[in-house]
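Have a look at final23.pdb; it's PDB, C-alpha atoms:
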```pdb
MODEL        1
ATOM      1  CA  MET A  62      12.521  78.570 -42.270
ATOM      2  CA  PRO A  63      14.414  75.511 -43.569
ATOM      3  CA  PRO A  64      13.753  74.396 -47.155
ATOM      4  CA  ARG A  65      10.782  72.087 -47.607
ATOM      5  CA  SER A  66       9.707  69.706 -50.337
ATOM      6  CA  ARG A  67       6.229  70.011 -51.798
ATOM      7  CA  MET A  68       5.434  66.368 -51.171
ATOM      8  CA  PRO A  69       6.493  63.767 -48.596
ATOM      9  CA  ASN A  70       8.899  60.908 -49.271
ATOM     10  CA  PRO A  71       7.271  58.729 -51.968
ATOM     11  CA  ILE A  72       8.501  55.351 -50.669
ATOM     12  CA  PRO A  73       5.765  54.863 -48.019
ATOM     13  CA  PHE A  74       3.162  55.539 -50.712
ATOM     14  CA  VAL A  75       4.725  53.730 -53.695
ATOM     15  CA  PRO A  76       7.350  51.326 -52.305
ATOM     16  CA  GLU A  77       7.747  49.736 -55.753
ATOM     17  CA  MET A  78       9.574  52.893 -56.788
ATOM     18  CA  ALA A  79      12.588  51.777 -54.726
ATOM     19  CA  GLU A  80      12.923  48.579 -56.784
ATOM     20  CA  VAL A  81      12.868  50.420 -60.095
ATOM     21  CA  ALA A  82      15.300  53.058 -58.831
ATOM     22  CA  GLY A  83      17.579  50.358 -57.420
ATOM     23  CA  GLY A  84      17.701  48.595 -60.771
ATOM     24  CA  LEU A  85      18.575  51.816 -62.585
ATOM     25  CA  HIS A  86      21.295  52.640 -60.046
ATOM     26  CA  LYS A  87      22.752  49.142 -60.471
ATOM     27  CA  VAL A  88      22.976  49.580 -64.254
ATOM     28  CA  LEU A  89      24.739  52.939 -63.866
ATOM     29  CA  LYS A  90      27.409  51.267 -61.743
ATOM     30  CA  ASN A  91      28.034  48.347 -64.153
ATOM     31  CA  GLY A  92      31.444  49.735 -65.177
ATOM     32  CA  ALA A  93      30.582  50.172 -68.856
ATOM     33  CA  ILE A  94      31.050  53.946 -68.674
ATOM     34  CA  PRO A  95      32.871  56.098 -66.135
ATOM     35  CA  SER A  96      30.764  57.452 -63.270
ATOM     36  CA  THR A  97      32.073  60.908 -64.173
ATOM     37  CA  THR A  98      30.421  60.620 -67.588
ATOM     38  CA  VAL A  99      27.115  59.674 -65.929
ATOM     39  CA  SER A 100      27.355  62.692 -63.619
ATOM     40  CA  LEU A 101      28.276  65.045 -66.476
ATOM     41  CA  LEU A 102      25.301  63.972 -68.572
ATOM     42  CA  GLN A 103      22.969  64.060 -65.572
ATOM     43  CA  LEU A 104      24.203  67.559 -64.679
ATOM     44  CA  ARG A 105      23.420  68.669 -68.238
ATOM     45  CA  ALA A 106      19.989  67.046 -67.958
ATOM     46  CA  GLY A 107      19.354  68.933 -64.719
ATOM     47  CA  GLN A 108      20.302  72.189 -66.425
ATOM     48  CA  LEU A 109      18.010  71.476 -69.380
ATOM     49  CA  LEU A 110      15.115  70.500 -67.104
ATOM     50  CA  GLY A 111      15.638  73.507 -64.849
ATOM     51  CA  SER A 112      16.023  71.250 -61.800
ATOM     52  CA  THR A 113      17.992  72.712 -58.908
ATOM     53  CA  TYR A 114      17.867  69.316 -57.203
ATOM     54  CA  PHE A 115      19.609  67.523 -60.111
ATOM     55  CA  THR A 116      22.136  70.288 -60.762
ATOM     56  CA  LEU A 117      23.199  70.522 -57.111
ATOM     57  CA  ARG A 118      23.316  66.724 -56.735
ATOM     58  CA  GLU A 119      25.491  66.157 -59.795
ATOM     59  CA  THR A 120      27.707  69.155 -59.087
ATOM     60  CA  ALA A 121      28.360  67.697 -55.627
ATOM     61  CA  ASN A 122      29.015  64.225 -57.124
ATOM     62  CA  LEU A 123      31.517  65.674 -59.596
ATOM     63  CA  ARG A 124      33.308  67.673 -56.889
ATOM     64  CA  GLN A 125      33.451  64.594 -54.680
ATOM     65  CA  ALA A 126      35.006  62.681 -57.600
ATOM     66  CA  GLY A 127      37.716  65.356 -57.817
ATOM     67  CA  GLU A 128      36.546  67.001 -61.025
ATOM     68  CA  PRO A 129      37.943  70.511 -61.555
ATOM     69  CA  GLU A 130      35.530  73.446 -61.344
ATOM     70  CA  GLU A 131      36.364  74.312 -64.963
ATOM     71  CA  ARG A 132      34.788  71.072 -66.210
ATOM     72  CA  ILE A 133      31.772  71.320 -63.912
ATOM     73  CA  THR A 134      31.048  74.891 -64.964
ATOM     74  CA  ALA A 135      31.687  74.175 -68.649
ATOM     75  CA  VAL A 136      28.919  71.562 -68.836
ATOM     76  CA  ALA A 137      26.469  74.389 -69.595
ATOM     77  CA  THR A 138      28.525  75.332 -72.670
ATOM     78  CA  TRP A 139      29.999  71.941 -73.508
ATOM     79  CA  GLN A 140      29.707  72.461 -77.293
ATOM     80  CA  ASP A 141      32.633  74.881 -77.390
ATOM     81  CA  ALA A 142      34.438  73.858 -74.193
ATOM     82  CA  THR A 143      37.760  72.109 -74.786
ATOM     83  CA  CYS A 144      37.929  70.179 -71.504
ATOM     84  CA  PHE A 145      35.771  67.169 -72.441
ATOM     85  CA  THR A 146      36.816  63.917 -74.110
ATOM     86  CA  ASP A 147      35.090  62.737 -77.279
ATOM     87  CA  PRO A 148      33.060  60.097 -75.384
ATOM     88  CA  GLU A 149      31.957  62.718 -72.826
ATOM     89  CA  ARG A 150      30.959  65.094 -75.624
ATOM     90  CA  VAL A 151      28.867  62.370 -77.247
ATOM     91  CA  ALA A 152      27.145  61.626 -73.924
ATOM     92  CA  LEU A 153      26.364  65.330 -73.457
ATOM     93  CA  GLU A 154      25.118  65.591 -77.033
ATOM     94  CA  LEU A 155      22.893  62.522 -76.587
ATOM     95  CA  VAL A 156      21.231  63.761 -73.404
ATOM     96  CA  GLU A 157      20.694  67.162 -74.953
ATOM     97  CA  ALA A 158      19.208  65.613 -78.102
ATOM     98  CA  VAL A 159      16.836  63.406 -76.089
ATOM     99  CA  LEU A 160      15.625  66.226 -73.845
ATOM    100  CA  THR A 161      15.384  69.008 -76.436
ATOM    101  CA  PRO A 162      12.522  69.059 -78.958
ATOM    102  CA  ASN A 163      13.635  69.219 -82.573
ATOM    103  CA  PRO A 164      10.854  70.649 -84.743
ATOM    104  CA  SER A 165      12.739  69.858 -87.953
ATOM    105  CA  GLY A 166      13.425  66.166 -87.484
ATOM    106  CA  GLU A 167      14.527  63.346 -85.259
ATOM    107  CA  ARG A 168      15.922  64.196 -81.864
ATOM    108  CA  VAL A 169      18.648  61.563 -82.254
ATOM    109  CA  PRO A 170      19.584  61.420 -85.933
ATOM    110  CA  ASP A 171      21.600  58.600 -87.477
ATOM    111  CA  SER A 172      24.702  60.832 -87.536
ATOM    112  CA  LEU A 173      24.602  61.273 -83.743
ATOM    113  CA  TYR A 174      24.023  57.555 -83.231
ATOM    114  CA  ALA A 175      27.016  56.851 -85.507
ATOM    115  CA  LYS A 176      29.228  59.157 -83.390
ATOM    116  CA  ALA A 177      28.034  57.433 -80.226
ATOM    117  CA  SER A 178      28.737  53.994 -81.739
ATOM    118  CA  GLU A 179      32.307  55.064 -82.489
ATOM    119  CA  CYS A 180      32.885  55.949 -78.823
ATOM    120  CA  TYR A 181      30.885  53.243 -77.063
ATOM    121  CA  ASP A 182      30.231  49.526 -77.490
ATOM    122  CA  ALA A 183      26.693  48.126 -77.187
ATOM    123  CA  LYS A 184      26.843  47.666 -73.395
ATOM    124  CA  ALA A 185      28.158  51.187 -72.865
ATOM    125  CA  LEU A 186      25.520  52.646 -75.203
ATOM    126  CA  TRP A 187      22.763  50.866 -73.308
ATOM    127  CA  THR A 188      24.272  52.142 -70.079
ATOM    128  CA  LEU A 189      24.122  55.692 -71.479
ATOM    129  CA  VAL A 190      20.494  55.107 -72.460
ATOM    130  CA  MET A 191      19.772  54.004 -68.886
ATOM    131  CA  ALA A 192      21.627  57.032 -67.461
ATOM    132  CA  ILE A 193      19.272  59.241 -69.474
ATOM    133  CA  ALA A 194      16.306  57.031 -68.475
ATOM    134  CA  HIS A 195      17.326  57.473 -64.827
ATOM    135  CA  ILE A 196      16.851  61.230 -65.204
ATOM    136  CA  GLY A 197      13.589  60.650 -67.081
ATOM    137  CA  PHE A 198      12.344  58.427 -64.273
ATOM    138  CA  PHE A 199      13.112  60.973 -61.548
ATOM    139  CA  ALA A 200      12.349  64.200 -63.480
ATOM    140  CA  PRO A 201       8.650  64.304 -62.507
ATOM    141  CA  ALA A 202       9.536  63.853 -58.828
ATOM    142  CA  ALA A 203      12.228  66.525 -59.032
ATOM    143  CA  LEU A 204       9.966  69.023 -60.773
ATOM    144  CA  ILE A 205       6.623  68.303 -59.064
ATOM    145  CA  ALA A 206       7.496  67.056 -55.576
ATOM    146  CA  LYS A 207      10.607  69.281 -55.368
ATOM    147  CA  PRO A 208      12.915  67.291 -53.080
ATOM    148  CA  ILE A 209      15.183  69.455 -50.957
ATOM    149  CA  PRO A 210      18.343  70.331 -52.939
ATOM    150  CA  GLY A 211      21.599  69.193 -51.397
ATOM    151  CA  MET A 212      20.007  66.527 -49.211
ATOM    152  CA  PRO A 213      20.738  62.818 -49.741
ATOM    153  CA  PRO A 214      18.035  60.482 -51.081
ATOM    154  CA  GLY A 215      15.680  59.404 -48.324
ATOM    155  CA  LEU A 216      16.332  62.608 -46.384
ATOM    156  CA  ASN A 217      15.352  64.999 -49.181
ATOM    157  CA  TYR A 218      11.619  65.126 -48.480
ATOM    158  CA  THR A 219       9.737  66.906 -45.736
ATOM    159  CA  ASP A 220       7.612  64.339 -43.939
TER     160      ASP A 220
ENDMDL
END
```
As structure tokens, the full file:
Amino acid sequence: MPPRSRMPNPIPFVPEMAEVAGGLHKVLKNGAIPSTTVSLLQLRAGQLLGSTYFTLRETANLRQAGEPEERITAVATWQDATCFTDPERVALELVEAVLTPNPSGERVPDSLYAKASECYDAKALWTLVMAIAHIGFFAPAALIAKPIPGMPPGLNYTD
């Protein structure tokens, strides 16, 4: 039996979703940060959320962009991997901080923001925020509706 989603394609039911998603996609392609950085942080988000859909999608995006398997695999252990640039490490640290509860304080402390500000200007930082927001926007769909992993948007739901 082929894989099935839990829910049908949302667009016929909530067409407004396409507008919001389109706006987020446009921001991610504004050139302020490399698309590889977006995919790396979204892969890490998929790992943290336990979303096969996100992890397969971003792994495929990174492979298509020519990223070596070493870097793709090392996203799970980015803290001690030596194959990431400082800006990529900050992006990975930011997404992890946002998505991981911190019982002893702020999720994004001033020290992390200061590191991010050293690597990124205001436009790039806002673009990173929107890259994380993009995952936040789609996380409920990925986890509840369970789109079919490996299928392109629009074809990833069983109707």
- Go through A:Cys144, A:Met68, A:Ala82, A:Ile94 one by one, measure the shortest atom-to-atom distance of each to Ala183 of chain A using only C-alpha atoms, and give the residue with the smallest value.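 Selected residue with least distance to Ala183 of chain A: A:Ile94.
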- Message: Could you list, as JSON, numbers by chain, every residue within 9 Å of Glu157 of chain A, counting all atoms listed in the file and ignoring same-chain residues fewer than 5 positions away?
- Response: {"A": [102, 105, 106, 109, 152, 168]}
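Using all atoms listed in the file for every distance, the candidate list A:Leu110, A:Val190, A:Ala177, A:Leu101 yields A:Leu101 as the residue closest to Ala135 of chain A.
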- Item | Given only C-alpha atoms as the counted atoms, nearest of A:Met78, A:Leu117, A:Gly83, A:Gln108 to Met212 of chain A |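 Using only C-alpha atoms, Met212 of chain A sits closest to A:Leu117.
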- Query: What is the atom CA of Ala192 of chain A-atom CA of Leu85 of chain A distance in Å, reported with one decimal?
  - Reply: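 Computed distance, atom CA of Ala192 of chain A to atom CA of Leu85 of chain A, equals 7.8 Å.
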- Message: Which residues would end up in the selection if the PyMOL selection byres ((chain A and resi 69) around 8) were applied here, given that I need the answer as a PyMOL selection string?
- Response: chain A and resi 66-68+70-71+206+218-220
- Closest to Val156 of chain A among A:Arg132, A:Ala79, A:Val169, A:Asn122, using all atoms listed in the file? A:Val169
- Of the listed residues A:Ala202, A:Leu123, A:Val151, A:Ala137, that which approaches Tyr181 of chain A most closely, counting only C-alpha atoms: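 Looking only at the distances to Tyr181 of chain A, the closest residue turns out to be A:Val151.
Nearest to Gly211 of chain A of all the residues A:Arg118, A:Arg150, A:Lys184, A:Lys87 is A:Arg118, based on all atoms listed in the file.
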- Task: Using the chain letters and numbering of this document, enumerate as a PyMOL selection string the residues selected by the PyMOL selection byres ((chain A and resi 200) around 12).
- Result: chain A and resi 103+106-116+160+193-199+201-208
- Within 9 Å of (37.8, 61.4, -66.0), only C-alpha atoms: residues as an NGL selection string? :A and (95-98 or 126 or 128 or 145-146)
- Selection: 7 Å around Thr188 of chain A, all atoms listed in the file, excl. self and same-chain fewer than 3 positions, as an NGL selection string: :A and (88-89 or 93 or 184-185 or 191-192)
Where is the centre and how long are the edges: axis-aligned box on segment 76-84 of chain A, 3 Å on each side, Å to one decimal, as lines of an AutoDock Vina configuration file:
```
center_x = 12.5
center_y = 50.8
center_z = -56.5
size_x = 16.4
size_y = 10.5
size_z = 14.5
```
- Taking the point (24.8, 62.4, -81.2) as given in the file, collect each protein or nucleic acid residue that comes within 12 Å of it, counting all atoms listed in the file, and present the set as number ranges by chain. A: 140, 147-159, 167-181, 186, 189
Could you turn the residues from that selection into a file that holds C-alpha atoms, as a PDB file, in the frame of the given file?
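File written: out_20.pdb
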```
ATOM      1  CA  GLN A 140      29.707  72.461 -77.293  1.00  0.00           C
ATOM      2  CA  ASP A 147      35.090  62.737 -77.279  1.00  0.00           C
ATOM      3  CA  PRO A 148      33.060  60.097 -75.384  1.00  0.00           C
ATOM      4  CA  GLU A 149      31.957  62.718 -72.826  1.00  0.00           C
ATOM      5  CA  ARG A 150      30.959  65.094 -75.624  1.00  0.00           C
ATOM      6  CA  VAL A 151      28.867  62.370 -77.247  1.00  0.00           C
ATOM      7  CA  ALA A 152      27.145  61.626 -73.924  1.00  0.00           C
ATOM      8  CA  LEU A 153      26.364  65.330 -73.457  1.00  0.00           C
ATOM      9  CA  GLU A 154      25.118  65.591 -77.033  1.00  0.00           C
ATOM     10  CA  LEU A 155      22.893  62.522 -76.587  1.00  0.00           C
ATOM     11  CA  VAL A 156      21.231  63.761 -73.404  1.00  0.00           C
ATOM     12  CA  GLU A 157      20.694  67.162 -74.953  1.00  0.00           C
ATOM     13  CA  ALA A 158      19.208  65.613 -78.102  1.00  0.00           C
ATOM     14  CA  VAL A 159      16.836  63.406 -76.089  1.00  0.00           C
ATOM     15  CA  GLU A 167      14.527  63.346 -85.259  1.00  0.00           C
ATOM     16  CA  ARG A 168      15.922  64.196 -81.864  1.00  0.00           C
ATOM     17  CA  VAL A 169      18.648  61.563 -82.254  1.00  0.00           C
ATOM     18  CA  PRO A 170      19.584  61.420 -85.933  1.00  0.00           C
ATOM     19  CA  ASP A 171      21.600  58.600 -87.477  1.00  0.00           C
ATOM     20  CA  SER A 172      24.702  60.832 -87.536  1.00  0.00           C
ATOM     21  CA  LEU A 173      24.602  61.273 -83.743  1.00  0.00           C
ATOM     22  CA  TYR A 174      24.023  57.555 -83.231  1.00  0.00           C
ATOM     23  CA  ALA A 175      27.016  56.851 -85.507  1.00  0.00           C
ATOM     24  CA  LYS A 176      29.228  59.157 -83.390  1.00  0.00           C
ATOM     25  CA  ALA A 177      28.034  57.433 -80.226  1.00  0.00           C
ATOM     26  CA  SER A 178      28.737  53.994 -81.739  1.00  0.00           C
ATOM     27  CA  GLU A 179      32.307  55.064 -82.489  1.00  0.00           C
ATOM     28  CA  CYS A 180      32.885  55.949 -78.823  1.00  0.00           C
ATOM     29  CA  TYR A 181      30.885  53.243 -77.063  1.00  0.00           C
ATOM     30  CA  LEU A 186      25.520  52.646 -75.203  1.00  0.00           C
ATOM     31  CA  LEU A 189      24.122  55.692 -71.479  1.00  0.00           C
TER      32      LEU A 189
END
```
